[in-house]
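Peer 1: Here you go, this is upload_38.cif (mmCIF, C-alpha atoms).
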```cif
data_run
#
loop_
_atom_site.group_PDB
_atom_site.id
_atom_site.type_symbol
_atom_site.label_atom_id
_atom_site.label_comp_id
_atom_site.auth_asym_id
_atom_site.auth_seq_id
_atom_site.Cartn_x
_atom_site.Cartn_y
_atom_site.Cartn_z
ATOM 1 C CA MET A 1491 52.841 8.636 -6.731
ATOM 2 C CA PRO A 1492 50.149 8.065 -4.060
ATOM 3 C CA ARG A 1493 46.908 6.727 -5.500
ATOM 4 C CA THR A 1494 44.868 9.689 -4.254
ATOM 5 C CA ILE A 1495 47.080 12.207 -6.076
ATOM 6 C CA GLU A 1496 47.062 10.045 -9.186
ATOM 7 C CA SER A 1497 43.256 9.784 -9.205
ATOM 8 C CA SER A 1498 42.979 13.513 -8.580
ATOM 9 C CA ILE A 1499 45.156 14.264 -11.622
ATOM 10 C CA ALA A 1500 43.039 11.873 -13.714
ATOM 11 C CA ALA A 1501 39.928 13.688 -12.487
ATOM 12 C CA HIS A 1502 41.375 17.084 -13.428
ATOM 13 C CA GLU A 1503 42.282 15.830 -16.889
ATOM 14 C CA ARG A 1504 38.757 14.444 -17.297
ATOM 15 C CA LEU A 1505 37.356 17.898 -16.530
ATOM 16 C CA VAL A 1506 39.845 19.701 -18.786
ATOM 17 C CA THR A 1507 39.005 17.328 -21.660
ATOM 18 C CA LYS A 1508 35.298 17.865 -21.130
ATOM 19 C CA LEU A 1509 35.629 21.661 -20.982
ATOM 20 C CA GLU A 1510 37.732 21.624 -24.149
ATOM 21 C CA SER A 1511 35.360 19.335 -26.025
ATOM 22 C CA ASP A 1512 33.436 22.274 -27.419
ATOM 23 C CA SER A 1513 35.494 25.329 -26.528
ATOM 24 C CA ARG A 1514 39.067 26.438 -26.337
ATOM 25 C CA LEU A 1515 40.832 27.030 -23.040
ATOM 26 C CA SER A 1516 43.847 29.282 -22.714
ATOM 27 C CA ASP A 1517 46.891 27.906 -20.907
ATOM 28 C CA GLU A 1518 45.977 30.052 -17.905
ATOM 29 C CA ASP A 1519 42.393 28.746 -17.880
ATOM 30 C CA ARG A 1520 43.608 25.158 -18.115
ATOM 31 C CA GLU A 1521 46.046 25.701 -15.269
ATOM 32 C CA ALA A 1522 43.332 27.288 -13.112
ATOM 33 C CA VAL A 1523 41.101 24.236 -13.665
ATOM 34 C CA ARG A 1524 43.992 21.947 -12.731
ATOM 35 C CA GLN A 1525 44.426 23.883 -9.487
ATOM 36 C CA LEU A 1526 40.853 23.140 -8.344
ATOM 37 C CA PRO A 1527 40.878 21.236 -5.052
ATOM 38 C CA PHE A 1528 39.303 17.810 -5.614
ATOM 39 C CA THR A 1529 38.305 15.129 -3.137
ATOM 40 C CA VAL A 1530 38.063 11.901 -5.093
ATOM 41 C CA LYS A 1531 35.702 9.240 -3.781
ATOM 42 C CA ASP A 1532 34.699 5.806 -5.037
ATOM 43 C CA LEU A 1533 30.969 5.246 -4.598
ATOM 44 C CA PRO A 1534 29.111 1.943 -4.854
ATOM 45 C CA ARG A 1535 26.218 1.406 -7.234
ATOM 46 C CA GLY A 1536 22.895 2.740 -5.980
ATOM 47 C CA VAL A 1537 24.214 5.247 -3.452
ATOM 48 C CA ASP A 1538 22.763 8.762 -3.330
ATOM 49 C CA ILE A 1539 25.409 11.387 -4.029
ATOM 50 C CA VAL A 1540 23.198 14.300 -3.037
ATOM 51 C CA ARG A 1541 19.532 14.275 -2.027
ATOM 52 C CA ASP A 1542 16.470 16.351 -2.722
ATOM 53 C CA GLY A 1543 16.409 19.099 -0.054
ATOM 54 C CA ASP A 1544 20.162 18.980 0.663
ATOM 55 C CA ARG A 1545 22.217 22.157 0.753
ATOM 56 C CA PRO A 1546 25.514 20.923 -0.665
ATOM 57 C CA ALA A 1547 28.760 22.861 -0.276
ATOM 58 C CA GLU A 1548 30.462 21.111 -3.180
ATOM 59 C CA CYS A 1549 29.781 19.988 -6.734
ATOM 60 C CA CYS A 1550 30.331 16.494 -8.018
ATOM 61 C CA LEU A 1551 32.368 15.776 -11.151
ATOM 62 C CA VAL A 1552 31.748 12.304 -12.581
ATOM 63 C CA VAL A 1553 35.218 10.837 -13.230
ATOM 64 C CA SER A 1554 33.977 7.405 -14.241
ATOM 65 C CA GLY A 1555 30.708 5.493 -14.136
ATOM 66 C CA LEU A 1556 27.138 6.547 -14.721
ATOM 67 C CA VAL A 1557 25.078 8.930 -12.583
ATOM 68 C CA CYS A 1558 21.399 9.817 -12.761
ATOM 69 C CA ARG A 1559 19.322 12.694 -11.505
ATOM 70 C CA TYR A 1560 15.945 11.650 -10.178
ATOM 71 C CA LYS A 1561 12.843 12.718 -8.319
ATOM 72 C CA LEU A 1562 10.972 10.493 -5.857
ATOM 73 C CA LEU A 1563 7.180 10.598 -5.714
ATOM 74 C CA LEU A 1564 4.801 9.494 -2.993
ATOM 75 C CA GLY A 1565 4.648 5.724 -2.709
ATOM 76 C CA GLY A 1566 8.269 5.382 -3.826
ATOM 77 C CA LYS A 1567 7.677 5.987 -7.533
ATOM 78 C CA ARG A 1568 10.756 7.371 -9.189
ATOM 79 C CA GLN A 1569 11.279 9.475 -12.291
ATOM 80 C CA ILE A 1570 14.823 9.512 -13.627
ATOM 81 C CA LEU A 1571 15.431 12.975 -15.071
ATOM 82 C CA SER A 1572 18.752 12.504 -16.834
ATOM 83 C CA PHE A 1573 21.855 10.368 -17.106
ATOM 84 C CA HIS A 1574 25.357 11.751 -16.652
ATOM 85 C CA LEU A 1575 28.621 10.436 -18.014
ATOM 86 C CA ALA A 1576 32.264 10.877 -17.162
ATOM 87 C CA GLY A 1577 33.391 14.499 -17.349
ATOM 88 C CA GLU A 1578 30.010 15.980 -16.432
ATOM 89 C CA ILE A 1579 29.083 17.944 -13.295
ATOM 90 C CA PRO A 1580 25.414 17.022 -12.835
ATOM 91 C CA ASP A 1581 24.851 19.177 -9.749
ATOM 92 C CA LEU A 1582 26.525 22.293 -11.083
ATOM 93 C CA GLN A 1583 23.265 24.117 -10.346
ATOM 94 C CA SER A 1584 23.956 23.797 -6.602
ATOM 95 C CA LEU A 1585 26.640 26.453 -7.045
ATOM 96 C CA PHE A 1586 23.893 29.066 -7.384
ATOM 97 C CA LEU A 1587 20.675 27.307 -6.310
ATOM 98 C CA LYS A 1588 21.227 26.574 -2.645
ATOM 99 C CA ARG A 1589 18.707 23.809 -2.065
ATOM 100 C CA MET A 1590 18.628 20.654 -4.212
ATOM 101 C CA ASP A 1591 15.249 20.175 -5.927
ATOM 102 C CA HIS A 1592 16.065 16.586 -6.953
ATOM 103 C CA SER A 1593 18.516 13.835 -6.072
ATOM 104 C CA LEU A 1594 21.655 12.486 -7.674
ATOM 105 C CA ALA A 1595 22.581 8.802 -7.518
ATOM 106 C CA ALA A 1596 25.269 6.420 -8.747
ATOM 107 C CA ILE A 1597 23.731 4.037 -11.318
ATOM 108 C CA THR A 1598 26.997 2.086 -11.544
ATOM 109 C CA PRO A 1599 30.036 2.132 -9.269
ATOM 110 C CA VAL A 1600 31.153 5.731 -9.667
ATOM 111 C CA ARG A 1601 34.392 7.570 -9.108
ATOM 112 C CA ALA A 1602 33.477 11.148 -8.299
ATOM 113 C CA ALA A 1603 35.570 14.227 -7.601
ATOM 114 C CA PHE A 1604 33.980 16.717 -5.213
ATOM 115 C CA ILE A 1605 34.859 20.364 -5.787
ATOM 116 C CA PRO A 1606 34.122 22.881 -3.014
ATOM 117 C CA HIS A 1607 31.707 25.596 -4.101
ATOM 118 C CA ALA A 1608 34.071 28.303 -2.860
ATOM 119 C CA ALA A 1609 36.832 27.111 -5.202
ATOM 120 C CA LEU A 1610 34.476 26.769 -8.157
ATOM 121 C CA ARG A 1611 32.990 30.198 -7.469
ATOM 122 C CA ALA A 1612 36.471 31.714 -7.346
ATOM 123 C CA LEU A 1613 37.289 29.998 -10.650
ATOM 124 C CA VAL A 1614 34.228 31.290 -12.493
ATOM 125 C CA GLY A 1615 34.806 34.734 -10.964
ATOM 126 C CA SER A 1616 38.404 34.951 -12.187
ATOM 127 C CA ARG A 1617 38.205 33.005 -15.476
ATOM 128 C CA PRO A 1618 35.285 34.295 -17.596
ATOM 129 C CA SER A 1619 35.877 31.796 -20.392
ATOM 130 C CA VAL A 1620 35.618 28.878 -17.965
ATOM 131 C CA ALA A 1621 32.430 30.447 -16.582
ATOM 132 C CA ALA A 1622 31.057 30.707 -20.127
ATOM 133 C CA ILE A 1623 31.785 27.042 -20.811
ATOM 134 C CA LEU A 1624 30.077 25.946 -17.587
ATOM 135 C CA TRP A 1625 27.121 28.170 -18.405
ATOM 136 C CA ARG A 1626 26.945 26.560 -21.846
ATOM 137 C CA GLU A 1627 26.947 23.125 -20.162
ATOM 138 C CA THR A 1628 23.893 24.046 -18.107
ATOM 139 C CA LEU A 1629 22.165 25.289 -21.284
ATOM 140 C CA ILE A 1630 22.835 21.961 -23.004
ATOM 141 C CA ASP A 1631 21.477 20.301 -19.891
ATOM 142 C CA ALA A 1632 18.267 22.265 -20.374
ATOM 143 C CA ALA A 1633 18.167 21.347 -24.079
ATOM 144 C CA ILE A 1634 18.326 17.666 -23.140
ATOM 145 C CA PHE A 1635 15.497 18.145 -20.634
ATOM 146 C CA ARG A 1636 13.387 19.783 -23.379
ATOM 147 C CA GLU A 1637 13.948 16.796 -25.638
ATOM 148 C CA TRP A 1638 12.978 14.418 -22.816
ATOM 149 C CA ILE A 1639 9.788 16.421 -22.180
ATOM 150 C CA VAL A 1640 8.839 16.004 -25.843
ATOM 151 C CA GLY A 1641 9.481 12.289 -25.528
ATOM 152 C CA LEU A 1642 7.542 11.825 -22.300
ATOM 153 C CA GLY A 1643 4.643 13.859 -23.597
ATOM 154 C CA ARG A 1644 4.377 12.833 -27.212
ATOM 155 C CA ARG A 1645 6.469 9.786 -28.122
ATOM 156 C CA THR A 1646 5.369 6.169 -27.902
ATOM 157 C CA ALA A 1647 7.059 3.813 -25.453
ATOM 158 C CA MET A 1648 9.087 2.289 -28.282
ATOM 159 C CA GLN A 1649 10.172 5.689 -29.608
ATOM 160 C CA ARG A 1650 11.149 6.857 -26.113
ATOM 161 C CA VAL A 1651 13.396 3.869 -25.499
ATOM 162 C CA ALA A 1652 14.863 4.093 -29.018
ATOM 163 C CA HIS A 1653 15.473 7.823 -28.594
ATOM 164 C CA LEU A 1654 17.234 7.335 -25.257
ATOM 165 C CA LEU A 1655 19.448 4.600 -26.739
ATOM 166 C CA CYS A 1656 20.357 6.952 -29.620
ATOM 167 C CA GLU A 1657 21.098 9.826 -27.248
ATOM 168 C CA LEU A 1658 23.336 7.721 -25.032
ATOM 169 C CA ALA A 1659 25.140 6.230 -28.055
ATOM 170 C CA VAL A 1660 26.023 9.709 -29.277
ATOM 171 C CA ARG A 1661 26.991 10.991 -25.829
ATOM 172 C CA PHE A 1662 29.107 7.948 -24.970
ATOM 173 C CA ARG A 1663 30.806 8.188 -28.380
ATOM 174 C CA ALA A 1664 31.568 11.870 -27.797
ATOM 175 C CA VAL A 1665 33.623 11.007 -24.706
ATOM 176 C CA GLY A 1666 35.258 7.985 -26.319
ATOM 177 C CA LEU A 1667 33.249 5.430 -24.354
ATOM 178 C CA ALA A 1668 31.377 3.792 -27.235
ATOM 179 C CA GLY A 1669 32.474 1.710 -30.197
ATOM 180 C CA ASP A 1670 30.959 2.166 -33.654
ATOM 181 C CA HIS A 1671 28.028 -0.120 -32.985
ATOM 182 C CA HIS A 1672 27.960 -0.848 -29.289
ATOM 183 C CA TYR A 1673 28.367 0.629 -25.850
ATOM 184 C CA THR A 1674 28.129 -0.489 -22.258
ATOM 185 C CA LEU A 1675 24.943 0.551 -20.500
ATOM 186 C CA PRO A 1676 24.768 -1.190 -17.129
ATOM 187 C CA VAL A 1677 21.233 -0.058 -16.270
ATOM 188 C CA THR A 1678 18.377 -2.312 -15.226
ATOM 189 C CA GLN A 1679 15.059 -2.518 -17.053
ATOM 190 C CA SER A 1680 13.520 -0.817 -14.075
ATOM 191 C CA GLU A 1681 15.930 2.120 -14.397
ATOM 192 C CA LEU A 1682 15.225 2.358 -18.130
ATOM 193 C CA GLY A 1683 11.507 2.378 -17.354
ATOM 194 C CA ASP A 1684 11.963 5.075 -14.709
ATOM 195 C CA ALA A 1685 13.786 7.220 -17.268
ATOM 196 C CA VAL A 1686 11.208 6.951 -20.038
ATOM 197 C CA GLY A 1687 8.130 6.754 -17.804
ATOM 198 C CA ILE A 1688 6.945 3.231 -18.584
ATOM 199 C CA SER A 1689 6.575 0.052 -16.533
ATOM 200 C CA ASN A 1690 9.144 -2.763 -16.400
ATOM 201 C CA ILE A 1691 6.749 -4.890 -18.392
ATOM 202 C CA HIS A 1692 6.565 -2.367 -21.207
ATOM 203 C CA VAL A 1693 10.365 -2.000 -21.199
ATOM 204 C CA SER A 1694 10.733 -5.713 -21.697
ATOM 205 C CA ARG A 1695 8.160 -5.739 -24.526
ATOM 206 C CA VAL A 1696 9.737 -2.737 -26.220
ATOM 207 C CA LEU A 1697 13.250 -4.194 -26.032
ATOM 208 C CA ARG A 1698 11.964 -7.377 -27.664
ATOM 209 C CA ASP A 1699 10.187 -5.381 -30.384
ATOM 210 C CA LEU A 1700 13.347 -3.345 -31.070
ATOM 211 C CA ARG A 1701 15.373 -6.544 -31.308
ATOM 212 C CA ASP A 1702 12.807 -8.324 -33.520
ATOM 213 C CA ALA A 1703 12.675 -5.290 -35.804
ATOM 214 C CA GLY A 1704 16.446 -5.651 -36.251
ATOM 215 C CA LEU A 1705 17.118 -2.192 -34.803
ATOM 216 C CA VAL A 1706 19.008 -2.632 -31.538
ATOM 217 C CA LEU A 1707 19.915 -5.351 -29.075
ATOM 218 C CA VAL A 1708 20.037 -4.550 -25.356
ATOM 219 C CA SER A 1709 21.431 -7.449 -23.419
ATOM 220 C CA GLY A 1710 23.758 -8.073 -20.506
ATOM 221 C CA GLY A 1711 24.431 -4.379 -19.974
ATOM 222 C CA THR A 1712 25.494 -3.840 -23.596
ATOM 223 C CA VAL A 1713 23.653 -1.942 -26.301
ATOM 224 C CA THR A 1714 24.425 -3.193 -29.817
ATOM 225 C CA THR A 1715 23.071 -1.135 -32.677
ATOM 226 C CA LEU A 1716 21.881 -3.349 -35.533
ATOM 227 C CA ASN A 1717 20.359 -0.631 -37.732
ATOM 228 C CA TRP A 1718 21.301 2.895 -36.662
ATOM 229 C CA ASP A 1719 19.382 4.654 -39.441
ATOM 230 C CA GLY A 1720 16.260 2.686 -38.600
ATOM 231 C CA LEU A 1721 16.587 3.525 -34.907
ATOM 232 C CA VAL A 1722 17.032 7.223 -35.728
ATOM 233 C CA GLU A 1723 14.029 7.190 -38.049
ATOM 234 C CA LEU A 1724 11.786 5.387 -35.583
ATOM 235 C CA SER A 1725 12.577 7.745 -32.711
ATOM 236 C CA GLU A 1726 12.936 10.935 -34.799
ATOM 237 C CA PHE A 1727 16.321 11.385 -33.171
ATOM 238 C CA ASP A 1728 18.154 14.532 -34.226
ATOM 239 C CA PRO A 1729 21.392 14.997 -32.251
ATOM 240 C CA ASP A 1730 21.379 18.793 -32.716
ATOM 241 C CA TYR A 1731 19.981 19.280 -29.197
ATOM 242 C CA LEU A 1732 23.165 17.767 -27.741
ATOM 243 C CA HIS A 1733 25.185 20.639 -29.273
ATOM 244 C CA LEU A 1734 28.257 18.478 -29.704
ATOM 245 C CA THR A 1735 29.738 20.406 -32.622
ATOM 246 C CA ARG A 1736 33.367 21.353 -32.210
ATOM 247 C CA PRO A 1737 34.214 25.077 -32.078
ATOM 248 C CA GLU A 1738 35.560 26.969 -35.041
ATOM 249 C CA PRO A 1739 39.362 26.864 -35.000
ATOM 250 C CA MET B 1184 -18.447 -4.333 -4.893
ATOM 251 C CA THR B 1185 -17.527 -7.722 -6.314
ATOM 252 C CA ILE B 1186 -15.199 -7.742 -9.251
ATOM 253 C CA GLU B 1187 -16.104 -10.095 -12.046
ATOM 254 C CA LEU B 1188 -13.323 -11.341 -14.331
ATOM 255 C CA LYS B 1189 -14.092 -12.516 -17.868
ATOM 256 C CA PRO B 1190 -11.458 -14.394 -19.892
ATOM 257 C CA VAL B 1191 -10.354 -12.696 -23.088
ATOM 258 C CA LYS B 1192 -7.500 -12.894 -25.577
ATOM 259 C CA ILE B 1193 -5.583 -9.636 -25.861
ATOM 260 C CA ASP B 1194 -3.324 -8.483 -28.662
ATOM 261 C CA THR B 1195 -0.618 -6.721 -26.674
ATOM 262 C CA GLY B 1196 1.844 -7.114 -29.546
ATOM 263 C CA SER B 1197 3.706 -9.566 -27.329
ATOM 264 C CA PRO B 1198 3.318 -13.167 -26.116
ATOM 265 C CA ASP B 1199 1.289 -11.773 -23.186
ATOM 266 C CA GLU B 1200 -2.179 -12.628 -24.483
ATOM 267 C CA GLU B 1201 -4.195 -14.440 -21.843
ATOM 268 C CA GLY B 1202 -6.303 -11.723 -20.334
ATOM 269 C CA ARG B 1203 -9.230 -10.880 -18.108
ATOM 270 C CA LEU B 1204 -11.731 -8.084 -18.466
ATOM 271 C CA ALA B 1205 -12.439 -6.810 -14.958
ATOM 272 C CA PHE B 1206 -16.011 -5.622 -14.375
ATOM 273 C CA ALA B 1207 -17.386 -3.744 -11.387
ATOM 274 C CA GLY B 1208 -21.107 -4.384 -11.880
ATOM 275 C CA ASP B 1209 -21.769 -3.716 -15.553
ATOM 276 C CA ARG B 1210 -18.776 -1.376 -15.904
ATOM 277 C CA LEU B 1211 -15.487 -2.424 -17.465
ATOM 278 C CA VAL B 1212 -12.838 -1.000 -15.096
ATOM 279 C CA ALA B 1213 -9.622 -2.760 -16.043
ATOM 280 C CA VAL B 1214 -7.900 -5.227 -18.340
ATOM 281 C CA LEU B 1215 -5.438 -7.690 -16.816
ATOM 282 C CA VAL B 1216 -2.933 -9.847 -18.669
ATOM 283 C CA LEU B 1217 -0.952 -12.909 -17.633
ATOM 284 C CA LEU B 1218 2.781 -12.277 -18.016
ATOM 285 C CA SER B 1219 4.474 -14.758 -20.332
ATOM 286 C CA ASP B 1220 7.856 -16.408 -19.903
ATOM 287 C CA GLU B 1221 9.706 -13.482 -21.469
ATOM 288 C CA HIS B 1222 9.274 -11.487 -18.253
ATOM 289 C CA ALA B 1223 11.150 -11.836 -14.982
ATOM 290 C CA GLU B 1224 7.698 -11.802 -13.357
ATOM 291 C CA ALA B 1225 6.255 -14.561 -15.552
ATOM 292 C CA GLY B 1226 3.032 -16.061 -14.214
ATOM 293 C CA LYS B 1227 1.931 -12.856 -12.499
ATOM 294 C CA TRP B 1228 -0.850 -10.560 -13.698
ATOM 295 C CA PHE B 1229 -0.213 -7.098 -15.094
ATOM 296 C CA LEU B 1230 -2.618 -4.164 -15.228
ATOM 297 C CA GLU B 1231 -2.648 -3.826 -19.013
ATOM 298 C CA ALA B 1232 -5.160 -1.017 -18.858
ATOM 299 C CA GLY B 1233 -7.031 0.697 -16.064
ATOM 300 C CA PHE B 1234 -9.913 3.115 -16.487
ATOM 301 C CA GLY B 1235 -10.982 5.986 -14.261
ATOM 302 C CA LYS B 1236 -9.453 5.557 -10.816
ATOM 303 C CA LEU B 1237 -7.562 2.517 -12.071
ATOM 304 C CA ASN B 1238 -5.618 4.578 -14.584
ATOM 305 C CA VAL B 1239 -2.337 4.589 -12.616
ATOM 306 C CA ARG B 1240 1.357 4.829 -13.443
ATOM 307 C CA PRO B 1241 3.380 2.713 -13.343
ATOM 308 C CA GLU B 1242 0.919 -0.103 -13.863
ATOM 309 C CA PRO B 1243 1.138 -2.653 -11.021
ATOM 310 C CA VAL B 1244 1.883 -6.372 -11.224
ATOM 311 C CA PHE B 1245 -0.158 -8.789 -9.067
ATOM 312 C CA ARG B 1246 0.817 -12.185 -7.668
ATOM 313 C CA ASP B 1247 -2.541 -13.665 -8.713
ATOM 314 C CA LEU B 1248 -6.063 -12.685 -9.746
ATOM 315 C CA ALA B 1249 -7.281 -12.586 -6.137
ATOM 316 C CA GLU B 1250 -4.695 -9.935 -5.327
ATOM 317 C CA ALA B 1251 -5.615 -8.032 -8.505
ATOM 318 C CA SER B 1252 -9.315 -8.084 -7.552
ATOM 319 C CA ARG B 1253 -8.567 -6.816 -4.043
ATOM 320 C CA TRP B 1254 -6.475 -3.984 -5.468
ATOM 321 C CA ILE B 1255 -9.222 -3.035 -7.943
ATOM 322 C CA GLU B 1256 -11.855 -2.958 -5.161
ATOM 323 C CA ALA B 1257 -9.659 -0.860 -2.900
ATOM 324 C CA GLN B 1258 -8.770 1.516 -5.707
ATOM 325 C CA LEU B 1259 -12.422 2.033 -6.655
ATOM 326 C CA LYS B 1260 -13.232 3.013 -3.051
ATOM 327 C CA ARG B 1261 -10.471 5.608 -2.925
ATOM 328 C CA ALA B 1262 -11.176 9.293 -3.207
ATOM 329 C CA LEU B 1263 -9.580 10.876 -6.275
ATOM 330 C CA PHE B 1264 -7.320 12.963 -4.037
#
```
Reformat the file's structure so that it appears as structure tokens.

Peer 2:
Amino acid sequence: MPRTIESSIAAHERLVTKLESDSRLSDEDREAVRQLPFTVKDLPRGVDIVRDGDRPAECCLVVSGLVCRYKLLLGGKRQILSFHLAGEIPDLQSLFLKRMDHSLAAITPVRAAFIPHAALRALVGSRPSVAAILWRETLIDAAIFREWIVGLGRRTAMQRVAHLLCELAVRFRAVGLAGDHHYTLPVTQSELGDAVGISNIHVSRVLRDLRDAGLVLVSGGTVTTLNWDGLVELSEFDPDYLHLTRPEP
Amino acid sequence: MTIELKPVKIDTGSPDEEGRLAFAGDRLVAVLVLLSDEHAEAGKWFLEAGFGKLNVRPEPVFRDLAEASRWIEAQLKRALF
């Protein structure tokens, strides 16, 4: 089987798995998702996938790797708005909001599947349950943003970092990409700082404090949880906002 | 306006403790700290705290105290917007 077809099938299965993680798809829905035309691309670390102001004609499904949404300020300051894992479509909003109001970049090498808007629009038009699932995804997106706003506005630097590490642990675990006590997080201190709104220097102090407190070790692109309950307590992390519960059978 | 730097020990909750209080005349405008070996930028000076126009995010890192003083002077001369 040619590699491109193989990677396209893998991408479709990634999407089907994601859509079924909290809802049920009928056979017809699943087949319709599998019929979506995908263009699979491998992107190097650091590349912009779509930029603030762009008018994209396709959405990007993360097949593997880590993607962030961000906003650039005058003087090159950057605020990372969210992280996105395999199975997610971080620019789903571009289906209905024509002009991007932020950018999307590959934090690690990323395999992405691009889905033309026309095909996605036809899918949500003909398969209401798929449309409902995608709508739900954008609502969860908003719930995560709300939690980040609380953090940026009211949590200490240490709580913000701890909270983000808890969130990512739970999200990586939900897609089978985290062990019981560790997961791979190949982000730089600068990227962590840009996500939680603190300087590099504070990130490095906070990571040392978290390690010295026996809570979590962040080193060499790996996060190792030493005391999960302590980390949760410190950051007041409550995973409800991720809405990861499985549907009623 | 000349910036005067007075040595001070700072409890940052980290090994970064050698500091300078930066005065513009008789006004305290900023606190600088020398970055310890635990940072990639060890040996440089960090704006630990900035007041008024020096309250910026993210806080800058300076090669040395001369660069920090120049930045403070320039920042004080800037209009707020």

Peer 1: Would you please work out which residue, of A:Gln1583, A:Ser1694, A:Thr1628, A:Thr1598, is nearest to A:Val1677 when using only C-alpha atoms?

Peer 2: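 Result for the nearest residue to A:Val1677: A:Thr1598.
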
Peer 1: Counting only C-alpha atoms, what are the residues of chain A within 7 Å of chain B, and for each of them which pair of atoms is the nearest and at what distance in Å, to one decimal? Sort the table by chain and rising number, as a tab-separated table.

Peer 2:
```
residue	atom	partner	partner_atom	distance
A:Ile1688	CA	B:Pro1241	CA	6.4
A:Ser1689	CA	B:Pro1241	CA	5.2
A:Ser1694	CA	B:His1222	CA	6.9
A:Arg1695	CA	B:Ser1197	CA	6.5
```

Peer 1: If you keep C-alpha atoms, can you produce a file of those selected residues as an mmCIF file, keeping the file's coordinate frame?

Peer 2:
```
data_model
loop_
_atom_site.group_PDB
_atom_site.id
_atom_site.type_symbol
_atom_site.label_atom_id
_atom_site.label_comp_id
_atom_site.auth_asym_id
_atom_site.auth_seq_id
_atom_site.Cartn_x
_atom_site.Cartn_y
_atom_site.Cartn_z
ATOM 1 C CA ILE A 1688 6.945 3.231 -18.584
ATOM 2 C CA SER A 1689 6.575 0.052 -16.533
ATOM 3 C CA SER A 1694 10.733 -5.713 -21.697
ATOM 4 C CA ARG A 1695 8.160 -5.739 -24.526
#
```

Peer 1: Quick one: pull the distance between atom CA of A:Arg1698 and atom CA of A:Leu1655, Å, one decimal.

Peer 2: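 Atom-to-atom, atom CA of A:Arg1698 and atom CA of A:Leu1655 are spaced 14.2 Å apart.
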
Peer 1: Please compute the atom CA of A:Ser1619-atom CA of A:Val1553 distance, one decimal, in Å.

Peer 2: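 So the two atoms, atom CA of A:Ser1619 and atom CA of A:Val1553, lie 22.2 Å apart.
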
Peer 1: Restricting the calculation to only C-alpha atoms: of B:Ala1205, B:Gln1258, B:Asp1247, B:Leu1237, which residue gets closest to B:Leu1217?

Peer 2: B:Asp1247

Peer 1: Show me, as a list in words, the residues that have an atom within 8 Å of stretch 1700-1709 of chain A when counting all atoms listed in the file, minus same-chain residues fewer than 4 positions from it.

Peer 2: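 After dropping sequence-adjacent residues, the list is Met1648, Ala1652, Val1696, Val1713, Thr1714, Thr1715, Leu1716, Asn1717, Trp1718, Gly1720 and Leu1721 of chain A.
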
Peer 1: Please dump the current selection as a PDB file, keeping the file's coordinate frame; keep C-alpha atoms.

Peer 2:
```pdb
ATOM      1  CA  MET A1648       9.087   2.289 -28.282  1.00  0.00           C
ATOM      2  CA  ALA A1652      14.863   4.093 -29.018  1.00  0.00           C
ATOM      3  CA  VAL A1696       9.737  -2.737 -26.220  1.00  0.00           C
ATOM      4  CA  VAL A1713      23.653  -1.942 -26.301  1.00  0.00           C
ATOM      5  CA  THR A1714      24.425  -3.193 -29.817  1.00  0.00           C
ATOM      6  CA  THR A1715      23.071  -1.135 -32.677  1.00  0.00           C
ATOM      7  CA  LEU A1716      21.881  -3.349 -35.533  1.00  0.00           C
ATOM      8  CA  ASN A1717      20.359  -0.631 -37.732  1.00  0.00           C
ATOM      9  CA  TRP A1718      21.301   2.895 -36.662  1.00  0.00           C
ATOM     10  CA  GLY A1720      16.260   2.686 -38.600  1.00  0.00           C
ATOM     11  CA  LEU A1721      16.587   3.525 -34.907  1.00  0.00           C
TER      12      LEU A1721
END
```

Peer 1: Taking (15.9, 10.9, -3.6) in the file's coordinates, which residues come within 12 Å, counting only C-alpha atoms, written as number ranges by chain?

Peer 2: A: 1536-1544, 1558-1564, 1566-1571, 1590-1596

Peer 1: At a cut-off of 9 Å from (0.5, -21.0, -21.5) in the coordinates of the file, what residues are picked up using only C-alpha atoms, written as number ranges by chain?

Peer 2: B: 1201, 1219-1220

Peer 1: Since I can't run it myself right now, could you work out what the PyMOL selection byres ((chain B and resi 1204) around 7) selects here and report it as an mmCIF file with C-alpha atoms, keeping the file's coordinate frame?

Peer 2:
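Contents of result-v3.cif, as written:
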```
data_model
loop_
_atom_site.group_PDB
_atom_site.id
_atom_site.type_symbol
_atom_site.label_atom_id
_atom_site.label_comp_id
_atom_site.auth_asym_id
_atom_site.auth_seq_id
_atom_site.Cartn_x
_atom_site.Cartn_y
_atom_site.Cartn_z
ATOM 1 C CA LEU B 1188 -13.323 -11.341 -14.331
ATOM 2 C CA LYS B 1189 -14.092 -12.516 -17.868
ATOM 3 C CA PRO B 1190 -11.458 -14.394 -19.892
ATOM 4 C CA VAL B 1191 -10.354 -12.696 -23.088
ATOM 5 C CA GLY B 1202 -6.303 -11.723 -20.334
ATOM 6 C CA ARG B 1203 -9.230 -10.880 -18.108
ATOM 7 C CA ALA B 1205 -12.439 -6.810 -14.958
ATOM 8 C CA PHE B 1206 -16.011 -5.622 -14.375
ATOM 9 C CA LEU B 1211 -15.487 -2.424 -17.465
ATOM 10 C CA ALA B 1213 -9.622 -2.760 -16.043
ATOM 11 C CA VAL B 1214 -7.900 -5.227 -18.340
ATOM 12 C CA LEU B 1215 -5.438 -7.690 -16.816
#
```

Peer 1: Excluding B:Met1184 and its own-chain neighbours fewer than 3 positions away, which residues fall within 8 Å of it when counting all atoms listed in the file? Please give them as a list in words.

Peer 2: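 My list of contacting residues is Ala1207, Gly1208 and Glu1256 of chain B.
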
Peer 1: I'd like to see the residues matched by the PyMOL selection byres ((chain B and resi 1257) around 12) on this file, and ideally I'd get them as a PyMOL selection string.

Peer 2: chain B and resi 1184-1186+1207+1236-1237+1250-1256+1258-1262

Peer 1: Counting all atoms listed in the file, figure out which residue out of A:Val1665, A:Val1640, A:Ala1621, A:Val1614 gets nearest to A:Thr1507.

Peer 2: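 Residue with the minimum atom-to-atom distance to A:Thr1507: A:Val1665.
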